[in-house]
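Undergrad: Next comes the structure file structure08.pdb, holding PDB, C-alpha atoms, pLDDT in the B column.
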```pdb
MODEL        1
ATOM      1  CA  MET E 232     -27.286  -5.845  13.092  1.00 60.00           C
ATOM      2  CA  ASN E 233     -30.074  -3.294  12.629  1.00 78.00           C
ATOM      3  CA  GLU E 234     -30.382  -1.039   9.596  1.00 83.00           C
ATOM      4  CA  LYS E 235     -29.339   2.134  11.431  1.00 81.00           C
ATOM      5  CA  LEU E 236     -26.105   0.523  12.659  1.00 80.00           C
ATOM      6  CA  LYS E 237     -25.380  -0.851   9.177  1.00 81.00           C
ATOM      7  CA  ARG E 238     -25.856   2.625   7.701  1.00 85.00           C
ATOM      8  CA  GLN E 239     -23.560   4.188  10.308  1.00 82.00           C
ATOM      9  CA  LEU E 240     -20.874   1.582   9.648  1.00 81.00           C
ATOM     10  CA  ALA E 241     -21.156   2.102   5.867  1.00 83.00           C
ATOM     11  CA  LEU E 242     -20.833   5.885   6.295  1.00 87.00           C
ATOM     12  CA  LYS E 243     -17.842   5.402   8.592  1.00 86.00           C
ATOM     13  CA  ARG E 244     -16.158   3.161   5.995  1.00 86.00           C
ATOM     14  CA  LEU E 245     -16.899   5.696   3.261  1.00 90.00           C
ATOM     15  CA  ALA E 246     -15.413   8.523   5.345  1.00 91.00           C
ATOM     16  CA  TYR E 247     -12.287   6.475   6.075  1.00 90.00           C
ATOM     17  CA  THR E 248     -11.964   5.570   2.374  1.00 93.00           C
ATOM     18  CA  ALA E 249     -12.111   9.269   1.427  1.00 93.00           C
ATOM     19  CA  LEU E 250      -9.583  10.136   4.158  1.00 92.00           C
ATOM     20  CA  PHE E 251      -7.194   7.405   3.014  1.00 92.00           C
ATOM     21  CA  ALA E 252      -7.554   8.506  -0.620  1.00 92.00           C
ATOM     22  CA  ALA E 253      -6.606  12.071   0.387  1.00 92.00           C
ATOM     23  CA  LEU E 254      -3.616  10.737   2.347  1.00 91.00           C
ATOM     24  CA  ALA E 255      -2.575   8.606  -0.652  1.00 90.00           C
ATOM     25  CA  ILE E 256      -2.699  11.668  -2.918  1.00 89.00           C
ATOM     26  CA  ALA E 257      -0.551  13.600  -0.434  1.00 88.00           C
ATOM     27  CA  ALA E 258       1.889  10.681  -0.096  1.00 84.00           C
ATOM     28  CA  ASN E 259       2.213  10.458  -3.887  1.00 78.00           C
ATOM     29  CA  GLY E 260       2.818  14.203  -4.073  1.00 72.00           C
ATOM     30  CA  PHE E 261       5.651  13.995  -1.557  1.00 74.00           C
ATOM     31  CA  SER E 262       7.432  10.997  -3.078  1.00 62.00           C
ATOM     32  CA  VAL E 263      11.140  11.597  -3.519  1.00 62.00           C
ATOM     33  CA  PHE E 264      12.443  10.193  -6.798  1.00 63.00           C
ATOM     34  CA  LEU E 265      15.957   8.811  -6.609  1.00 58.00           C
ATOM     35  CA  PRO E 266      18.194   7.992  -9.569  1.00 57.00           C
ATOM     36  CA  VAL E 267      19.091   4.333  -9.956  1.00 52.00           C
ATOM     37  CA  MET E 268      21.411   3.389 -12.793  1.00 46.00           C
ATOM     38  CA  GLY E 269      20.919   6.836 -14.324  1.00 47.00           C
ATOM     39  CA  VAL E 270      17.115   6.719 -14.472  1.00 46.00           C
ATOM     40  CA  GLY E 271      15.597   9.560 -12.426  1.00 44.00           C
ATOM     41  CA  SER E 272      12.167   7.966 -12.014  1.00 43.00           C
ATOM     42  CA  SER E 273      13.299   4.398 -11.424  1.00 48.00           C
ATOM     43  CA  ALA E 274      13.059   4.450  -7.634  1.00 56.00           C
ATOM     44  CA  SER E 275      11.100   6.500  -5.186  1.00 60.00           C
ATOM     45  CA  LEU E 276      11.023   6.893  -1.448  1.00 64.00           C
ATOM     46  CA  SER E 277       7.363   6.917  -0.554  1.00 73.00           C
ATOM     47  CA  PHE E 278       5.217   6.021   2.405  1.00 75.00           C
ATOM     48  CA  ASN E 279       2.234   5.501   0.120  1.00 84.00           C
ATOM     49  CA  TYR E 280       2.611   1.785   0.861  1.00 89.00           C
ATOM     50  CA  ILE E 281       1.485   2.316   4.467  1.00 91.00           C
ATOM     51  CA  VAL E 282      -1.593   4.341   3.482  1.00 92.00           C
ATOM     52  CA  CYS E 283      -2.808   1.782   0.932  1.00 94.00           C
ATOM     53  CA  VAL E 284      -1.937  -1.217   3.114  1.00 95.00           C
ATOM     54  CA  PHE E 285      -3.872   0.158   6.100  1.00 94.00           C
ATOM     55  CA  ALA E 286      -6.831   0.932   3.819  1.00 94.00           C
ATOM     56  CA  GLY E 287      -6.785  -2.675   2.598  1.00 95.00           C
ATOM     57  CA  ILE E 288      -6.400  -4.100   6.109  1.00 94.00           C
ATOM     58  CA  PHE E 289      -9.166  -2.146   7.811  1.00 93.00           C
ATOM     59  CA  LEU E 290     -11.558  -1.346   4.962  1.00 92.00           C
ATOM     60  CA  GLY E 291     -11.124  -4.434   2.787  1.00 93.00           C
ATOM     61  CA  PRO E 292      -9.636  -5.153  -0.645  1.00 95.00           C
ATOM     62  CA  VAL E 293     -12.163  -3.114  -2.655  1.00 95.00           C
ATOM     63  CA  ALA E 294     -11.735   0.069  -0.613  1.00 94.00           C
ATOM     64  CA  GLY E 295      -7.964  -0.525  -0.467  1.00 94.00           C
ATOM     65  CA  GLY E 296      -7.850  -0.790  -4.248  1.00 95.00           C
ATOM     66  CA  ILE E 297      -9.924   2.370  -4.635  1.00 95.00           C
ATOM     67  CA  VAL E 298      -7.577   4.248  -2.298  1.00 95.00           C
ATOM     68  CA  GLY E 299      -4.507   3.091  -4.240  1.00 94.00           C
ATOM     69  CA  GLY E 300      -6.036   3.857  -7.628  1.00 94.00           C
ATOM     70  CA  VAL E 301      -7.476   7.256  -6.707  1.00 94.00           C
ATOM     71  CA  GLY E 302      -4.271   8.220  -4.902  1.00 91.00           C
ATOM     72  CA  ASP E 303      -2.181   7.393  -7.960  1.00 91.00           C
ATOM     73  CA  LEU E 304      -4.497   8.950 -10.555  1.00 92.00           C
ATOM     74  CA  LEU E 305      -5.129  12.213  -8.722  1.00 91.00           C
ATOM     75  CA  GLY E 306      -1.515  12.338  -7.535  1.00 86.00           C
ATOM     76  CA  TRP E 307      -0.441  12.129 -11.188  1.00 86.00           C
ATOM     77  CA  VAL E 308      -2.969  14.799 -12.257  1.00 90.00           C
ATOM     78  CA  ILE E 309      -1.764  17.175  -9.536  1.00 87.00           C
ATOM     79  CA  GLN E 310       1.952  16.488  -9.988  1.00 82.00           C
ATOM     80  CA  PRO E 311       2.686  14.463 -13.155  1.00 83.00           C
ATOM     81  CA  ALA E 312       6.111  12.841 -13.301  1.00 75.00           C
ATOM     82  CA  GLY E 313       6.048  11.951 -16.972  1.00 79.00           C
ATOM     83  CA  PRO E 314       3.361  10.355 -19.122  1.00 86.00           C
ATOM     84  CA  PHE E 315       0.494   8.461 -17.497  1.00 90.00           C
ATOM     85  CA  ASN E 316       1.621   4.898 -16.761  1.00 91.00           C
ATOM     86  CA  VAL E 317      -1.187   2.338 -16.474  1.00 94.00           C
ATOM     87  CA  PHE E 318       1.163  -0.293 -14.988  1.00 94.00           C
ATOM     88  CA  ILE E 319       1.990   1.943 -12.030  1.00 91.00           C
ATOM     89  CA  THR E 320      -1.709   2.705 -11.492  1.00 93.00           C
ATOM     90  CA  ILE E 321      -2.556  -1.013 -11.471  1.00 96.00           C
ATOM     91  CA  GLY E 322       0.362  -1.565  -9.067  1.00 94.00           C
ATOM     92  CA  SER E 323      -1.038   1.155  -6.799  1.00 93.00           C
ATOM     93  CA  VAL E 324      -4.466  -0.498  -6.842  1.00 96.00           C
ATOM     94  CA  MET E 325      -2.837  -3.793  -5.844  1.00 96.00           C
ATOM     95  CA  LEU E 326      -1.135  -2.093  -2.855  1.00 94.00           C
ATOM     96  CA  GLY E 327      -4.563  -1.964  -1.208  1.00 95.00           C
ATOM     97  CA  VAL E 328      -6.085  -5.135  -2.671  1.00 97.00           C
ATOM     98  CA  ILE E 329      -3.309  -7.536  -1.604  1.00 97.00           C
ATOM     99  CA  PRO E 330      -3.369  -6.826   2.171  1.00 96.00           C
ATOM    100  CA  GLY E 331      -7.169  -6.725   2.087  1.00 95.00           C
ATOM    101  CA  LEU E 332      -7.210 -10.265   0.710  1.00 96.00           C
ATOM    102  CA  VAL E 333      -4.378 -11.537   2.949  1.00 96.00           C
ATOM    103  CA  PHE E 334      -6.101 -10.302   6.117  1.00 94.00           C
ATOM    104  CA  LYS E 335      -9.228 -12.276   5.167  1.00 92.00           C
ATOM    105  CA  ALA E 336      -7.205 -15.443   5.934  1.00 92.00           C
ATOM    106  CA  LYS E 337      -7.436 -14.499   9.656  1.00 89.00           C
ATOM    107  CA  LEU E 338      -3.782 -15.167  10.464  1.00 92.00           C
ATOM    108  CA  ASN E 339      -1.741 -13.408  13.123  1.00 92.00           C
ATOM    109  CA  PRO E 340      -1.669  -9.707  12.119  1.00 92.00           C
ATOM    110  CA  PHE E 341       2.143  -9.554  12.022  1.00 93.00           C
ATOM    111  CA  VAL E 342       2.301 -12.645   9.815  1.00 95.00           C
ATOM    112  CA  SER E 343      -0.360 -11.084   7.565  1.00 95.00           C
ATOM    113  CA  VAL E 344       1.654  -7.851   7.312  1.00 95.00           C
ATOM    114  CA  LEU E 345       4.799  -9.793   6.320  1.00 95.00           C
ATOM    115  CA  ILE E 346       2.918 -11.881   3.743  1.00 96.00           C
ATOM    116  CA  SER E 347       1.249  -8.746   2.369  1.00 96.00           C
ATOM    117  CA  TYR E 348       4.538  -6.917   1.898  1.00 96.00           C
ATOM    118  CA  ALA E 349       6.225  -9.981   0.377  1.00 96.00           C
ATOM    119  CA  LEU E 350       3.417 -10.233  -2.198  1.00 97.00           C
ATOM    120  CA  ILE E 351       3.493  -6.464  -2.779  1.00 95.00           C
ATOM    121  CA  PHE E 352       7.228  -6.684  -3.439  1.00 94.00           C
ATOM    122  CA  ILE E 353       6.753  -9.469  -6.008  1.00 94.00           C
ATOM    123  CA  VAL E 354       3.562  -8.269  -7.731  1.00 96.00           C
ATOM    124  CA  CYS E 355       3.876  -4.485  -7.507  1.00 93.00           C
ATOM    125  CA  THR E 356       7.504  -3.489  -6.991  1.00 90.00           C
ATOM    126  CA  ALA E 357       9.336  -6.163  -8.994  1.00 91.00           C
ATOM    127  CA  GLY E 358       6.458  -6.790 -11.388  1.00 93.00           C
ATOM    128  CA  LEU E 359       4.023  -4.077 -12.454  1.00 94.00           C
ATOM    129  CA  ASN E 360       5.876  -0.936 -11.342  1.00 90.00           C
ATOM    130  CA  SER E 361       9.297  -2.036 -12.551  1.00 91.00           C
ATOM    131  CA  PHE E 362       7.969  -3.167 -15.908  1.00 93.00           C
ATOM    132  CA  GLY E 363       5.973   0.046 -16.342  1.00 91.00           C
ATOM    133  CA  ILE E 364       8.953   2.243 -15.507  1.00 88.00           C
ATOM    134  CA  TRP E 365      11.261   0.242 -17.770  1.00 90.00           C
ATOM    135  CA  LEU E 366       8.759   0.306 -20.642  1.00 90.00           C
ATOM    136  CA  PHE E 367       8.034   4.053 -20.432  1.00 87.00           C
ATOM    137  CA  TYR E 368      11.326   5.577 -19.298  1.00 84.00           C
ATOM    138  CA  VAL E 369      14.342   3.296 -19.727  1.00 86.00           C
ATOM    139  CA  ARG E 370      16.265   3.123 -22.977  1.00 80.00           C
ATOM    140  CA  GLY E 371      19.284   0.971 -23.769  1.00 82.00           C
ATOM    141  CA  LYS E 372      19.055  -1.431 -20.812  1.00 85.00           C
ATOM    142  CA  SER E 373      17.476  -4.849 -20.642  1.00 89.00           C
ATOM    143  CA  PHE E 374      14.604  -5.233 -18.187  1.00 90.00           C
ATOM    144  CA  PHE E 375      16.560  -7.558 -15.882  1.00 89.00           C
ATOM    145  CA  VAL E 376      19.609  -5.259 -15.683  1.00 89.00           C
ATOM    146  CA  PHE E 377      17.286  -2.378 -14.788  1.00 87.00           C
ATOM    147  CA  LEU E 378      15.384  -4.568 -12.291  1.00 89.00           C
ATOM    148  CA  ALA E 379      18.562  -5.618 -10.458  1.00 87.00           C
ATOM    149  CA  GLY E 380      19.550  -1.991  -9.837  1.00 81.00           C
ATOM    150  CA  ARG E 381      16.056  -0.911  -8.846  1.00 82.00           C
ATOM    151  CA  LEU E 382      15.277  -3.721  -6.409  1.00 85.00           C
ATOM    152  CA  ALA E 383      18.308  -3.037  -4.209  1.00 82.00           C
ATOM    153  CA  LEU E 384      16.884   0.301  -3.041  1.00 80.00           C
ATOM    154  CA  GLN E 385      13.223  -0.712  -3.228  1.00 84.00           C
ATOM    155  CA  SER E 386      13.796  -3.685  -0.911  1.00 86.00           C
ATOM    156  CA  VAL E 387      15.041  -1.245   1.763  1.00 83.00           C
ATOM    157  CA  VAL E 388      12.042   1.053   1.217  1.00 83.00           C
ATOM    158  CA  LEU E 389       9.680  -1.932   1.502  1.00 88.00           C
ATOM    159  CA  VAL E 390      11.309  -3.240   4.703  1.00 89.00           C
ATOM    160  CA  VAL E 391      11.006   0.208   6.324  1.00 87.00           C
ATOM    161  CA  ASN E 392       7.330   0.444   5.318  1.00 89.00           C
ATOM    162  CA  ALA E 393       6.623  -3.114   6.554  1.00 92.00           C
ATOM    163  CA  ALA E 394       8.287  -2.415   9.918  1.00 93.00           C
ATOM    164  CA  LEU E 395       6.318   0.825  10.372  1.00 91.00           C
ATOM    165  CA  THR E 396       3.060  -0.922   9.417  1.00 93.00           C
ATOM    166  CA  ALA E 397       3.683  -3.749  11.902  1.00 93.00           C
ATOM    167  CA  ALA E 398       4.593  -1.267  14.660  1.00 94.00           C
ATOM    168  CA  MET E 399       1.471   0.854  14.060  1.00 93.00           C
ATOM    169  CA  TYR E 400      -1.017  -2.007  13.563  1.00 92.00           C
ATOM    170  CA  TYR E 401      -2.183  -2.544  17.174  1.00 90.00           C
ATOM    171  CA  PRO E 402      -2.454   1.161  18.114  1.00 90.00           C
ATOM    172  CA  PHE E 403      -4.410   1.856  14.907  1.00 89.00           C
ATOM    173  CA  ALA E 404      -6.649  -1.186  15.412  1.00 88.00           C
ATOM    174  CA  LYS E 405      -7.351  -0.263  19.030  1.00 86.00           C
ATOM    175  CA  TYR E 406      -7.741   3.514  18.845  1.00 83.00           C
ATOM    176  CA  VAL E 407      -8.382   4.613  15.256  1.00 81.00           C
ATOM    177  CA  PHE E 408     -10.237   1.773  13.553  1.00 81.00           C
ATOM    178  CA  LYS E 409     -12.150   0.376  16.513  1.00 75.00           C
ATOM    179  CA  GLY E 410     -15.127  -1.470  15.058  1.00 65.00           C
ATOM    180  CA  LEU E 411     -13.547  -1.708  11.586  1.00 65.00           C
ATOM    181  CA  THR E 412     -10.871  -4.232  12.515  1.00 56.00           C
ATOM    182  CA  PRO E 413     -10.720  -7.182  10.138  1.00 58.00           C
ATOM    183  CA  ALA E 414     -12.727 -10.186  11.284  1.00 41.00           C
ATOM    184  CA  GLY E 415     -10.688 -12.776  13.107  1.00 35.00           C
ATOM    185  CA  THR E 416      -7.796 -10.529  14.120  1.00 44.00           C
ATOM    186  CA  ASP E 417      -7.022  -9.633  17.709  1.00 42.00           C
ATOM    187  CA  THR E 418      -6.941  -5.893  18.403  1.00 43.00           C
ATOM    188  CA  LYS E 419      -5.353  -6.311  21.823  1.00 46.00           C
ATOM    189  CA  ALA E 420      -1.608  -6.004  22.030  1.00 43.00           C
ATOM    190  CA  PRO E 421       0.013  -9.313  22.932  1.00 44.00           C
ATOM    191  CA  SER E 422       0.500  -9.699  26.677  1.00 43.00           C
ATOM    192  CA  SER E 423       3.716 -11.069  28.131  1.00 40.00           C
ATOM    193  CA  GLU E 424       1.617 -13.028  30.652  1.00 39.00           C
ATOM    194  CA  LYS E 425      -0.061 -15.109  27.934  1.00 41.00           C
ATOM    195  CA  ARG E 426       2.603 -17.584  26.820  1.00 38.00           C
TER     196      ARG E 426
ENDMDL
END
```
Can you present the structure in this file as structure tokens?

TA:
Amino acid sequence: MNEKLKRQLALKRLAYTALFAALAIAANGFSVFLPVMGVGSSASLSFNYIVCVFAGIFLGPVAGGIVGGVGDLLGWVIQPAGPFNVFITIGSVMLGVIPGLVFKAKLNPFVSVLISYALIFIVCTAGLNSFGIWLFYVRGKSFFVFLAGRLALQSVVLVVNAALTAAMYYPFAKYVFKGLTPAGTDTKAPSSEKR
């Protein structure tokens, strides 16, 4: 690959990273907080997952992590929902890092999406985010009692985000991120003739 093409690809990746970061900020700003077990900030309906996951898939784990981190930090600065919570920021970074790393395994894209969201659920939703929310906002409940109430709604939110990501993967790979598709993944929609 010549130097000019490398430069163009790097600039394209940088532009997409900035675009995704802006979308992540907007998605954080439009999150709807829902009360779970009496805690107003314990669950949120957000499509920020999709933004960070696509950044990780098509731009790699570093850019995905930057998108998640910048989206969370600037989203909090613009519209703070309580004190700054480092656990939620780290969880947001991991939203982009995890799929970026999973897609490096060069599995079927749908399998990679499912694995990514399963790991996101364990590491981010049940782990970092839940612990951070419990530590900063919840009083009088044990962590596991709080977690049980929170995960019921968050599992639905995650399934919806995973389904939307899987449905949008091939159109995005073919039309939006042409040339930035992860190595080893097929950008063509599966054909019914090839069985």

Undergrad: Quick one: residues within 7 Å of E:Asn392, all atoms listed in the file, excluding same-chain residues fewer than 6 positions away - as a list in words?

TA: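 Those residues are Phe278, Tyr280 and Ile281 of chain E.
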
Undergrad: Identify all residues satisfying the PyMOL selection byres ((chain E and resi 289-295) around 8) in the given file; provide them as number ranges by chain.

TA: E: 244, 247-248, 283-288, 296-299, 324, 326-332, 408, 411-413

Undergrad: Once the PyMOL selection byres ((chain E and resi 379) around 12) has been evaluated on this model, what residues remain selected, and can you format them as a PyMOL selection string?

TA: chain E and resi 267-268+273-274+356-357+361+365+372-378+380-386

Undergrad: Rank E:Val308, E:Leu242, E:Leu236, E:Val390 by their smallest atom-to-atom distance to E:Ile256, using all atoms listed in the file, and report the top residue only.

TA: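 Closest to E:Ile256 of all the choices is E:Val308.
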
Undergrad: Would you mind reading off the distance between atom CA of E:Phe318 and atom CA of E:Phe352, one decimal, in Å?

TA: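 Computing it gives 14.5 Å between the two atoms.
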
Undergrad: In Å, with one decimal, what is the gap from atom CA of E:Gly306 to atom CA of E:Ala404?

TA: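 Those two atoms sit 27.1 Å apart.
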
Undergrad: Find the residue from E:Gly302, E:Ala253, E:Leu359, E:Phe341 that sits nearest to E:Asn316; use only C-alpha atoms when measuring.

TA: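 With only C-alpha atoms as the atom set, the closest residue is E:Leu359.
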
Undergrad: Taking all atoms listed in the file into account, name the residue in E:Leu389, E:Lys337, E:Ile321, E:Lys237 that is nearest to E:Gly358.

TA: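 That would be E:Ile321, the residue with the smallest distance to E:Gly358.
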
Undergrad: Evaluated on this file, the PyMOL selection byres ((chain E and resi 399) around 12) picks out some residues - which ones are they, written as a list in words?

TA: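 When the PyMOL selection byres ((chain E and resi 399) around 12) is applied, the selected residues are Ile281, Val282, Val284, Phe285, Pro340, Phe341, Val344, Asn392, Ala393, Ala394, Leu395, Thr396, Ala397, Ala398, Tyr400, Tyr401, Pro402, Phe403, Ala404, Lys405, Tyr406, Val407, Phe408, Thr418 and Ala420 of chain E.
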
Undergrad: Counting all atoms listed in the file, figure out which residue out of E:Leu304, E:Val391, E:Ala257, E:Ile351 gets nearest to E:Val317.

TA: E:Leu304

Undergrad: Take atom CA of E:Asn339 and atom CA of E:Gly322 and report the distance between them in Å, one decimal.

TA: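 Computed distance, atom CA of E:Asn339 to atom CA of E:Gly322, equals 25.2 Å.
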
Undergrad: Please identify all polymer residues within 10 Å of E:Phe315, counting only C-alpha atoms, omitting same-chain residues fewer than 4 positions from it, and present them as an mmCIF file with C-alpha atoms, in the frame of the given file.

TA:
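Result file around-v5.cif:
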```
data_model
loop_
_atom_site.group_PDB
_atom_site.id
_atom_site.type_symbol
_atom_site.label_atom_id
_atom_site.label_comp_id
_atom_site.auth_asym_id
_atom_site.auth_seq_id
_atom_site.Cartn_x
_atom_site.Cartn_y
_atom_site.Cartn_z
ATOM 1 C CA ASP E 303 -2.181 7.393 -7.960
ATOM 2 C CA LEU E 304 -4.497 8.950 -10.555
ATOM 3 C CA TRP E 307 -0.441 12.129 -11.188
ATOM 4 C CA VAL E 308 -2.969 14.799 -12.257
ATOM 5 C CA PRO E 311 2.686 14.463 -13.155
ATOM 6 C CA ILE E 319 1.990 1.943 -12.030
ATOM 7 C CA THR E 320 -1.709 2.705 -11.492
ATOM 8 C CA PHE E 367 8.034 4.053 -20.432
#
```
